[in-house]
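Next comes final_19.csv, with CSV, C-alpha atoms and all ligand atoms.
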```csv
chain,number,residue,atom,x,y,z
B,796,MET,CA,0.0,0.0,0.0
B,797,TYR,CA,1.3,3.5,-0.9
B,798,ASN,CA,2.1,6.0,1.8
B,799,THR,CA,0.3,8.9,0.3
B,800,ASN,CA,1.8,11.4,2.7
B,801,LYS,CA,5.3,10.5,1.5
B,802,LEU,CA,4.2,10.9,-2.1
B,803,LYS,CA,2.7,14.3,-1.4
B,804,ILE,CA,5.9,15.5,0.3
B,805,GLY,CA,8.0,14.1,-2.6
B,806,PHE,CA,5.8,16.0,-5.1
B,807,PHE,CA,6.1,19.3,-3.2
B,808,VAL,CA,9.9,18.9,-2.9
B,809,LEU,CA,10.1,18.3,-6.7
B,810,ILE,CA,8.0,21.5,-7.3
B,811,PHE,CA,10.2,23.4,-4.9
B,812,ILE,CA,13.4,22.3,-6.7
B,813,LEU,CA,11.9,23.1,-10.1
B,814,VAL,CA,10.9,26.6,-8.9
B,815,LEU,CA,14.3,27.3,-7.4
B,816,THR,CA,16.3,26.1,-10.3
B,817,PRO,CA,17.6,29.3,-12.1
B,818,SER,CA,16.9,29.5,-15.8
B,819,VAL,CA,20.0,30.3,-17.7
B,820,LYS,CA,19.1,32.8,-20.4
B,821,ALA,CA,21.3,35.5,-22.0
B,822,ASP,CA,20.0,39.0,-22.2
B,823,THR,CA,18.4,39.6,-25.6
B,824,TRP,CA,18.7,43.3,-25.5
B,825,SER,CA,21.5,45.8,-25.5
B,826,TRP,CA,22.1,49.5,-25.3
B,827,CYS,CA,23.4,51.3,-28.3
B,828,PHE,CA,24.5,54.9,-28.4
B,829,GLN,CA,23.8,57.1,-31.4
B,830,GLU,CA,25.4,60.5,-31.3
B,831,SER,CA,23.9,62.1,-34.4
B,832,ALA,CA,20.6,61.5,-36.1
B,833,ASN,CA,22.0,62.2,-39.5
B,834,VAL,CA,25.6,60.7,-39.3
B,835,SER,CA,25.8,57.3,-37.8
B,836,THR,CA,27.4,53.9,-38.4
B,837,GLU,CA,26.2,52.6,-35.0
B,838,CYS,CA,22.9,51.0,-34.0
B,839,GLY,CA,22.3,49.7,-37.6
B,840,GLY,CA,23.8,52.7,-39.4
B,841,LEU,CA,20.6,54.8,-39.2
B,842,ASP,CA,21.8,58.1,-40.6
B,843,THR,CA,18.5,59.0,-42.2
B,844,GLY,CA,17.4,61.4,-39.4
B,845,THR,CA,17.4,65.2,-39.7
B,846,TYR,CA,18.2,68.4,-37.7
B,847,GLU,CA,16.4,71.6,-38.4
B,848,GLU,CA,17.0,75.1,-37.1
B,849,TYR,CA,14.1,77.5,-36.5
B,850,ASN,CA,13.7,81.0,-35.3
B,851,SER,CA,10.4,82.4,-34.2
B,852,ASN,CA,11.4,86.1,-34.8
B,853,PRO,CA,14.6,86.5,-36.9
B,854,THR,CA,14.2,90.3,-37.0
B,855,VAL,CA,15.1,90.7,-33.3
B,856,GLY,CA,17.6,87.9,-32.7
B,857,ASN,CA,18.8,84.4,-33.6
B,858,TRP,CA,20.6,81.3,-32.5
B,859,THR,CA,24.2,81.9,-31.6
B,860,ASN,CA,26.5,79.0,-32.5
B,861,PHE,CA,23.6,76.7,-33.5
B,862,SER,CA,25.9,74.2,-35.0
B,863,ASN,CA,27.4,73.6,-31.5
B,864,THR,CA,24.1,72.0,-30.5
B,865,ILE,CA,24.6,69.1,-32.9
B,866,ASP,CA,28.4,68.9,-33.3
B,867,GLY,CA,28.8,65.8,-31.1
B,868,ASP,CA,30.9,67.8,-28.7
B,869,TRP,CA,29.3,67.8,-25.2
B,870,ASP,CA,31.4,70.8,-24.2
B,871,THR,CA,30.2,73.2,-26.8
B,872,TYR,CA,26.8,74.9,-26.9
B,873,GLY,CA,24.4,77.2,-28.8
B,874,TYR,CA,21.9,79.6,-27.3
B,875,LYS,CA,19.3,82.3,-28.0
B,876,SER,CA,20.8,85.7,-28.4
B,877,GLY,CA,18.9,89.0,-29.0
B,878,ILE,CA,16.5,91.1,-27.0
B,879,GLY,CA,12.8,90.2,-26.9
B,880,ALA,CA,10.3,87.5,-26.0
B,881,PHE,CA,11.0,85.0,-28.7
B,882,SER,CA,12.5,81.5,-28.9
B,883,VAL,CA,14.9,79.6,-31.1
B,884,TYR,CA,14.3,76.0,-31.8
B,885,LEU,CA,16.1,72.8,-32.8
B,886,TYR,CA,13.9,70.1,-34.4
B,887,ILE,CA,15.2,66.6,-34.4
B,888,ASN,CA,14.0,63.6,-36.3
B,889,TYR,CA,15.5,60.2,-35.5
B,890,THR,CA,15.0,57.0,-37.5
B,891,LYS,CA,14.1,54.2,-35.1
B,892,PRO,CA,16.4,51.1,-35.3
B,893,GLN,CA,14.5,47.9,-35.9
B,894,SER,CA,13.4,46.2,-32.7
B,895,ALA,CA,14.1,49.3,-30.6
B,896,LEU,CA,12.3,49.2,-27.3
B,897,ASN,CA,10.3,52.0,-25.7
B,898,THR,CA,12.7,52.0,-22.8
B,899,SER,CA,15.2,53.8,-25.0
B,900,LEU,CA,16.4,57.1,-23.6
B,901,TRP,CA,17.1,60.6,-24.9
B,902,GLN,CA,20.3,61.9,-23.5
B,903,VAL,CA,20.4,65.7,-23.3
B,904,LYS,CA,22.7,68.4,-21.9
B,905,ASP,CA,22.0,72.1,-21.2
B,906,ASN,CA,23.8,74.3,-18.7
B,907,GLY,CA,21.6,72.7,-16.0
B,908,GLY,CA,23.5,69.5,-16.5
B,909,ILE,CA,23.2,66.2,-18.4
B,910,ASP,CA,20.2,63.9,-18.2
B,911,ASN,CA,18.8,60.7,-19.7
B,912,LEU,CA,15.2,61.4,-20.4
B,913,THR,CA,12.4,58.8,-20.5
B,914,ILE,CA,10.4,59.1,-23.6
B,915,PRO,CA,6.6,59.4,-23.1
B,916,ILE,CA,4.8,56.4,-24.6
B,917,SER,CA,2.6,58.5,-26.8
B,918,CYS,CA,5.6,60.0,-28.5
B,919,TRP,CA,7.2,56.6,-28.9
B,920,ASN,CA,4.1,55.1,-30.3
B,921,TYR,CA,3.3,58.0,-32.7
B,922,ASP,CA,5.3,56.6,-35.5
B,923,ASN,CA,6.8,53.1,-36.0
B,924,THR,CA,9.8,54.5,-37.9
B,925,LYS,CA,10.7,57.8,-36.4
B,926,LEU,CA,11.0,59.8,-33.2
B,927,ILE,CA,10.5,63.6,-33.2
B,928,PHE,CA,12.0,66.0,-30.6
B,929,MET,CA,12.2,69.7,-30.2
B,930,VAL,CA,14.6,71.8,-28.1
B,931,GLU,CA,13.7,75.4,-27.3
B,932,SER,CA,15.9,78.1,-26.0
B,933,TYR,CA,13.8,81.0,-24.7
B,934,SER,CA,14.6,84.2,-22.8
B,935,VAL,CA,13.1,87.5,-22.0
B,936,ARG,CA,14.1,89.9,-19.3
B,937,GLY,CA,13.7,88.2,-16.0
B,938,ASP,CA,12.8,84.9,-17.4
B,939,ALA,CA,14.6,82.2,-19.4
B,940,ASP,CA,14.2,78.5,-20.1
B,941,GLY,CA,15.6,75.5,-22.0
B,942,ILE,CA,12.7,73.2,-22.9
B,943,TRP,CA,13.1,69.7,-24.2
B,944,SER,CA,10.0,68.1,-25.8
B,945,CYS,CA,8.8,65.2,-27.9
B,946,TYR,CA,5.9,65.1,-30.5
B,947,ASN,CA,3.0,62.6,-30.1
B,948,GLY,CA,1.2,63.5,-33.4
B,949,THR,CA,-1.0,66.0,-31.7
B,950,ASN,CA,1.0,67.9,-29.1
B,951,TRP,CA,4.5,68.7,-28.0
B,952,LEU,CA,5.0,67.1,-24.6
B,953,GLU,CA,7.5,68.8,-22.4
B,954,ILE,CA,10.0,66.2,-21.0
B,955,ARG,CA,12.5,68.6,-19.3
B,956,LEU,CA,12.2,72.2,-18.3
B,957,SER,CA,15.5,73.9,-17.3
B,958,PRO,CA,14.7,77.3,-15.8
B,959,TYR,CA,17.3,79.8,-16.7
B,960,TYR,CA,19.3,77.2,-18.6
B,961,THR,CA,19.2,78.3,-22.2
B,962,GLN,CA,22.6,77.0,-23.3
B,963,ILE,CA,21.9,73.9,-25.4
B,964,TYR,CA,25.0,71.7,-25.5
B,965,GLU,CA,24.1,68.4,-27.1
B,966,GLU,CA,21.7,65.5,-27.4
B,967,ALA,CA,21.9,61.8,-28.4
B,968,MET,CA,19.9,58.6,-28.3
B,969,TRP,CA,20.5,55.6,-26.1
B,970,TRP,CA,18.6,52.9,-28.0
B,971,ASN,CA,17.5,49.9,-26.1
B,972,ILE,CA,17.4,47.3,-28.8
B,973,THR,CA,16.1,43.7,-28.8
B,974,ASP,CA,18.8,41.8,-30.5
B,975,THR,CA,18.3,38.0,-31.2
B,976,THR,CA,20.2,38.0,-34.4
B,977,PRO,CA,23.8,36.7,-34.1
B,978,PRO,CA,26.8,38.2,-36.0
B,979,THR,CA,27.3,37.1,-39.6
B,980,TYR,CA,30.5,36.4,-41.5
B,981,SER,CA,32.0,36.7,-44.9
B,982,ASP,CA,35.3,37.0,-46.9
B,983,ASN,CA,37.2,34.1,-45.3
B,984,SER,CA,40.8,34.0,-46.6
B,985,THR,CA,44.4,32.9,-45.9
B,986,ASN,CA,47.4,34.7,-47.3
B,987,SER,CA,49.5,31.6,-48.0
B,988,THR,CA,49.6,27.8,-47.7
B,989,HIS,CA,53.3,27.3,-47.2
B,990,ALA,CA,54.4,24.8,-44.6
B,991,GLY,CA,56.2,26.1,-41.6
B,992,GLN,CA,55.3,29.8,-42.3
B,993,ASP,CA,53.3,32.5,-40.6
B,994,ILE,CA,49.8,32.4,-42.2
B,995,LEU,CA,47.1,35.0,-41.7
B,996,HIS,CA,43.5,33.6,-41.3
B,997,SER,CA,41.2,36.4,-42.0
B,998,LEU,CA,37.4,36.7,-41.6
B,999,LYS,CA,34.9,39.6,-41.7
B,1000,TRP,CA,32.1,39.9,-39.1
B,1001,THR,CA,29.1,42.1,-39.1
B,1002,ASP,CA,26.3,42.6,-36.6
B,1003,VAL,CA,23.2,44.9,-36.7
B,1004,VAL,CA,23.7,46.2,-33.2
B,1005,GLY,CA,27.3,45.6,-32.1
B,1006,LEU,CA,30.0,43.0,-32.1
B,1007,SER,CA,31.5,41.8,-28.8
B,1008,GLY,CA,34.3,39.3,-29.6
B,1009,TYR,CA,35.5,36.1,-31.2
B,1010,ILE,CA,37.2,32.8,-30.5
B,1011,PHE,CA,39.6,31.5,-33.1
B,1012,SER,CA,39.8,27.7,-33.3
B,1013,PHE,CA,42.8,26.0,-35.0
B,1014,ASP,CA,43.9,22.5,-36.0
B,1015,ASN,CA,47.6,22.6,-36.9
B,1016,GLY,CA,47.5,19.3,-38.8
B,1017,THR,CA,46.9,17.2,-35.7
B,1018,GLY,CA,43.2,16.5,-36.4
B,1019,THR,CA,42.1,18.4,-33.3
B,1020,LEU,CA,40.7,22.0,-33.2
B,1021,VAL,CA,42.1,24.0,-30.3
B,1022,ASN,CA,40.3,27.2,-29.2
B,1023,ASN,CA,42.2,30.4,-28.6
B,1024,THR,CA,41.1,32.7,-25.8
B,1025,TRP,CA,38.2,35.1,-26.6
B,1026,THR,CA,39.3,38.3,-28.2
B,1027,ALA,CA,37.3,41.6,-28.1
B,1028,MET,CA,35.8,43.1,-31.3
B,1029,THR,CA,34.0,46.5,-31.5
B,1030,GLY,CA,31.6,48.2,-33.9
B,1031,THR,CA,29.1,46.7,-36.3
B,1032,THR,CA,31.8,45.5,-38.8
B,1033,ASN,CA,35.2,44.1,-37.8
B,1034,TRP,CA,37.7,41.4,-38.7
B,1035,SER,CA,38.9,38.3,-36.8
B,1036,ASN,CA,42.5,38.2,-38.1
B,1037,VAL,CA,44.7,35.6,-36.6
B,1038,THR,CA,48.3,34.6,-37.7
B,1039,LYS,CA,49.6,31.1,-36.9
B,1040,ILE,CA,52.9,29.4,-37.7
B,1041,VAL,CA,51.6,26.3,-39.5
B,1042,ASN,CA,52.9,22.7,-39.5
B,1043,SER,CA,56.2,22.5,-41.2
B,1044,THR,CA,55.3,19.2,-42.9
B,1045,VAL,CA,54.3,19.6,-46.6
B,1046,GLY,CA,50.9,18.0,-47.2
B,1047,ALA,CA,49.5,18.6,-43.7
B,1048,THR,CA,45.8,19.5,-43.6
B,1049,ILE,CA,45.3,22.7,-41.6
B,1050,ARG,CA,41.7,23.5,-40.4
B,1051,TRP,CA,40.3,26.6,-38.8
B,1052,CYS,CA,37.0,28.1,-37.7
B,1053,VAL,CA,35.8,31.1,-35.7
B,1054,TYR,CA,33.1,31.7,-33.1
B,1055,ALA,CA,31.8,35.2,-32.5
B,1056,ASN,CA,29.3,36.9,-30.2
B,1057,ASP,CA,27.4,40.2,-30.2
B,1058,THR,CA,26.7,42.7,-27.4
B,1059,SER,CA,23.5,40.8,-26.5
B,1060,GLY,CA,25.3,37.5,-26.2
B,1061,ASN,CA,24.1,35.9,-29.5
B,1062,TRP,CA,26.7,33.5,-30.8
B,1063,ASN,CA,27.5,32.3,-34.3
B,1064,ASN,CA,30.3,30.2,-35.8
B,1065,THR,CA,31.6,29.5,-39.2
B,1066,GLY,CA,30.6,25.8,-39.1
B,1067,CYS,CA,33.3,24.2,-36.9
B,1068,ASP,CA,32.0,20.7,-37.8
B,1069,THR,CA,33.1,21.4,-41.3
B,1070,PRO,CA,35.9,24.0,-40.8
B,1071,PHE,CA,37.8,26.0,-43.4
B,1072,SER,CA,40.9,24.0,-44.5
B,1073,TYR,CA,43.9,24.0,-46.7
B,1074,VAL,CA,46.8,21.6,-47.3
B,1075,THR,CA,50.3,22.9,-46.7
B,1076,THR,CA,52.6,23.3,-49.7
B,1077,GLU,CA,56.3,23.6,-50.3
B,1078,LEU,CA,57.9,27.0,-50.1
B,1079,PRO,CA,59.2,28.0,-53.5
B,1080,PRO,CA,63.0,28.0,-53.8
B,1081,PRO,CA,64.8,31.3,-53.2
B,1082,PRO,CA,65.3,33.4,-56.4
B,1083,ILE,CA,68.7,33.8,-58.0
B,1084,THR,CA,69.1,37.5,-58.0
B,1085,THR,CA,72.6,37.9,-59.7
B,1086,PHE,CA,74.6,35.6,-61.7
B,1087,ARG,CA,78.0,36.3,-63.2
B,1088,ASN,CA,80.8,34.2,-64.5
B,1089,TRP,CA,84.1,35.0,-66.1
B,1090,LEU,CA,87.3,33.5,-67.2
B,1091,PHE,CA,90.7,34.7,-66.5
B,1092,PHE,CA,94.2,33.5,-67.1
B,1093,PRO,CA,96.6,33.4,-64.2
B,1094,ASP,CA,100.4,32.9,-64.7
B,1095,GLY,CA,101.1,29.7,-66.6
B,1096,PHE,CA,98.0,30.3,-68.8
B,1097,ALA,CA,95.9,27.7,-66.9
B,1098,LYS,CA,92.2,28.6,-67.5
B,1099,VAL,CA,90.2,29.3,-64.3
B,1100,ARG,CA,86.4,29.9,-64.4
B,1101,HIS,CA,84.7,31.9,-61.6
B,1102,TRP,CA,81.0,32.1,-60.8
B,1103,ALA,CA,79.3,34.6,-58.5
B,1104,ILE,CA,75.7,33.7,-57.5
B,1105,THR,CA,73.5,35.5,-55.0
B,1106,LEU,CA,70.6,33.6,-53.4
B,1107,SER,CA,68.3,35.6,-51.0
B,1108,ASP,CA,65.2,34.6,-49.1
B,1109,ASN,CA,63.3,35.6,-45.9
B,1110,ASN,CA,64.0,32.2,-44.5
B,1111,VAL,CA,67.2,30.2,-43.8
B,1112,ILE,CA,68.6,28.7,-47.0
B,1113,ARG,CA,69.3,25.2,-45.9
B,1114,ARG,CA,70.9,23.6,-49.1
B,1115,TRP,CA,72.1,24.7,-52.5
B,1116,ARG,CA,73.8,22.8,-55.3
B,1117,MET,CA,75.6,23.7,-58.5
B,1118,GLN,CA,75.4,21.5,-61.5
B,1119,GLN,CA,77.2,21.6,-64.8
Z,1,CA,CA,24.6,64.8,-30.6
Z,2,CA,CA,27.9,70.5,-28.7
```

Would you mind writing the file out in structure tokens?
Amino acid sequence: MYNTNKLKIGFFVLIFILVLTPSVKADTWSWCFQESANVSTECGGLDTGTYEEYNSNPTVGNWTNFSNTIDGDWDTYGYKSGIGAFSVYLYINYTKPQSALNTSLWQVKDNGGIDNLTIPISCWNYDNTKLIFMVESYSVRGDADGIWSCYNGTNWLEIRLSPYYTQIYEEAMWWNITDTTPPTYSDNSTNSTHAGQDILHSLKWTDVVGLSGYIFSFDNGTGTLVNNTWTAMTGTTNWSNVTKIVNSTVGATIRWCVYANDTSGNWNNTGCDTPFSYVTTELPPPPITTFRNWLFFPDGFAKVRHWAITLSDNNVIRRWRMQQ
């Protein structure tokens, strides 16, 4: 007969273990910084955004140093100059990266300091492909503001109001991007197949969001692939270039492959079950760079022939032979 109490206890212990067992899962998002809406190779290379300068009353004043507000330099600024109750504006239009999350942040700086602004959901949802901001520098005697807003299709929503801080230094986006796509590779090559020589194993990597690093795996003719340590890569396009001195035996099969990950921890490899490979070949003989011969007749008229031959090579010349 079963002891039902024991069965129940066993069942609850099992549930308890299942609940407490941590699930191992890599983060599938990453942060990507985009300094300029219209000049970018980061975050998917979205350089299709725009900046626009506007002045509500050009007859009485203007922006001073407008270009400083978008020059990518967080120490330079532009501001409203001129007397009168009017404003100068900077309109910004970012193209959203694919799979960007609404937790992305707008980083801004005026003379009140630097801040990462949360974007109101109505501004985020207004358009699937773009994000629109406005920066206003306003001043009149006794009153001045720097105002940072986003557009939700109907209204400008004020996100940051900086009283008396009218110096507009810079802005940028911190995109929070879902990234489940691993890096891709192309252009595999080696610069030689000569036995016993330094050989460069070259491979190009790209990632939509950002590369993190690679592991080069190498079989020097032994039949076993051995992993190098992980090496960092940066940017969205980079190369895993590794030089190895290969087996000095002619006819050895050299195999190699590469693993790479992106900033979200997505991994890819070049197919290490069927690696790239080549067979080592003999180094060509050193070239003869000069050759001279001449006859001369020492005392007694015995003929003596002399040869002068120069062989040169990057490597040690082990043997040479002259043949008539
Ligand atoms: Ca900027
Ligand atoms: Ca600036």

Practice problem: Identify the residues within 12 Å of coordinate (15.7, 55.6, -33.7) (same frame as the file), considering all atoms listed in the file, and give the answer as a VMD selection string. | Solution: chain B and resid 827 to 833 835 837 to 845 887 to 901 914 919 922 to 928 967 to 972

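Candidate residues B:Thr961, B:Asn850, B:Thr1044, B:Ser862 were compared for distance to ligand CA 1 (chain Z), and the nearest is B:Ser862, using all atoms listed in the file.
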
Exercise. Could the residues that lie within 6 Å of ligand CA 2 (chain Z), counting all atoms listed in the file, be listed as a PyMOL selection string?
Key: chain B and resi 863-872+964-965

Exercise. Rank nothing, just name the residue among B:Ala939, B:Ile916, B:Val903, B:Ile963 nearest to Asn860 in chain B, using only C-alpha atoms.
Key: B:Ile963

Quiz prompt | Point-to-point distance in Å for CA of Ser825 in chain B and CA of Phe1011 in chain B | solution = 24.3 Å

Range 852-879 of chain B written out with N, CA and C atoms as a compact mmCIF listing (two decimals), in the first residue's frame:
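The resulting result.txt:
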```
# COMPACT_ATOMS: atom_id res chain seq x y z
N ASN B 852 11.42 84.63 -34.49
CA ASN B 852 11.40 86.07 -34.79
C ASN B 852 12.79 86.56 -35.21
N PRO B 853 13.18 86.24 -36.44
CA PRO B 853 14.56 86.53 -36.86
C PRO B 853 14.88 88.02 -36.93
N THR B 854 13.89 88.86 -36.88
CA THR B 854 14.19 90.29 -36.96
C THR B 854 14.80 90.84 -35.67
N VAL B 855 14.61 90.14 -34.57
CA VAL B 855 15.11 90.67 -33.29
C VAL B 855 16.23 89.84 -32.68
N GLY B 856 16.52 88.69 -33.25
CA GLY B 856 17.60 87.90 -32.66
C GLY B 856 17.73 86.58 -33.39
N ASN B 857 18.59 85.71 -32.86
CA ASN B 857 18.79 84.44 -33.56
C ASN B 857 19.50 83.45 -32.65
N TRP B 858 19.72 82.26 -33.18
CA TRP B 858 20.62 81.31 -32.55
C TRP B 858 22.04 81.90 -32.59
N THR B 859 22.79 81.72 -31.56
CA THR B 859 24.24 81.92 -31.61
C THR B 859 24.87 80.54 -31.51
N ASN B 860 25.75 80.26 -32.45
CA ASN B 860 26.45 78.96 -32.49
C ASN B 860 25.50 77.77 -32.53
N PHE B 861 24.51 77.86 -33.42
CA PHE B 861 23.56 76.74 -33.54
C PHE B 861 24.26 75.41 -33.78
N SER B 862 25.29 75.43 -34.63
CA SER B 862 25.94 74.16 -35.00
C SER B 862 26.54 73.46 -33.78
N ASN B 863 26.82 74.22 -32.72
CA ASN B 863 27.37 73.59 -31.52
C ASN B 863 26.37 72.67 -30.83
N THR B 864 25.09 72.84 -31.14
CA THR B 864 24.09 72.00 -30.46
C THR B 864 24.05 70.59 -31.03
N ILE B 865 24.64 70.42 -32.24
CA ILE B 865 24.58 69.09 -32.89
C ILE B 865 25.95 68.66 -33.39
N ASP B 866 27.02 69.21 -32.80
CA ASP B 866 28.37 68.90 -33.32
C ASP B 866 28.98 67.66 -32.67
N GLY B 867 28.23 67.01 -31.77
CA GLY B 867 28.77 65.81 -31.13
C GLY B 867 29.74 66.10 -30.01
N ASP B 868 29.96 67.38 -29.73
CA ASP B 868 30.88 67.79 -28.67
C ASP B 868 30.04 68.22 -27.46
N TRP B 869 30.18 67.50 -26.37
CA TRP B 869 29.34 67.75 -25.19
C TRP B 869 29.87 68.91 -24.35
N ASP B 870 30.88 69.61 -24.85
CA ASP B 870 31.40 70.80 -24.15
C ASP B 870 31.08 72.10 -24.90
N THR B 871 30.50 72.02 -26.09
CA THR B 871 30.18 73.23 -26.84
C THR B 871 28.67 73.42 -26.88
N TYR B 872 28.20 74.65 -26.96
CA TYR B 872 26.76 74.90 -26.89
C TYR B 872 26.35 76.05 -27.81
N GLY B 873 25.05 76.05 -28.10
CA GLY B 873 24.42 77.18 -28.79
C GLY B 873 23.35 77.76 -27.88
N TYR B 874 22.90 78.97 -28.19
CA TYR B 874 21.92 79.61 -27.30
C TYR B 874 21.20 80.73 -28.05
N LYS B 875 20.08 81.14 -27.48
CA LYS B 875 19.34 82.26 -28.05
C LYS B 875 20.04 83.57 -27.71
N SER B 876 20.22 84.39 -28.71
CA SER B 876 20.76 85.71 -28.44
C SER B 876 19.82 86.76 -29.05
N GLY B 877 19.79 87.93 -28.49
CA GLY B 877 18.90 88.99 -28.97
C GLY B 877 17.88 89.34 -27.91
N ILE B 878 17.42 90.55 -28.01
CA ILE B 878 16.48 91.06 -27.01
C ILE B 878 15.06 90.79 -27.49
N GLY B 879 14.22 90.39 -26.56
CA GLY B 879 12.82 90.21 -26.94
C GLY B 879 12.31 88.85 -26.53
```
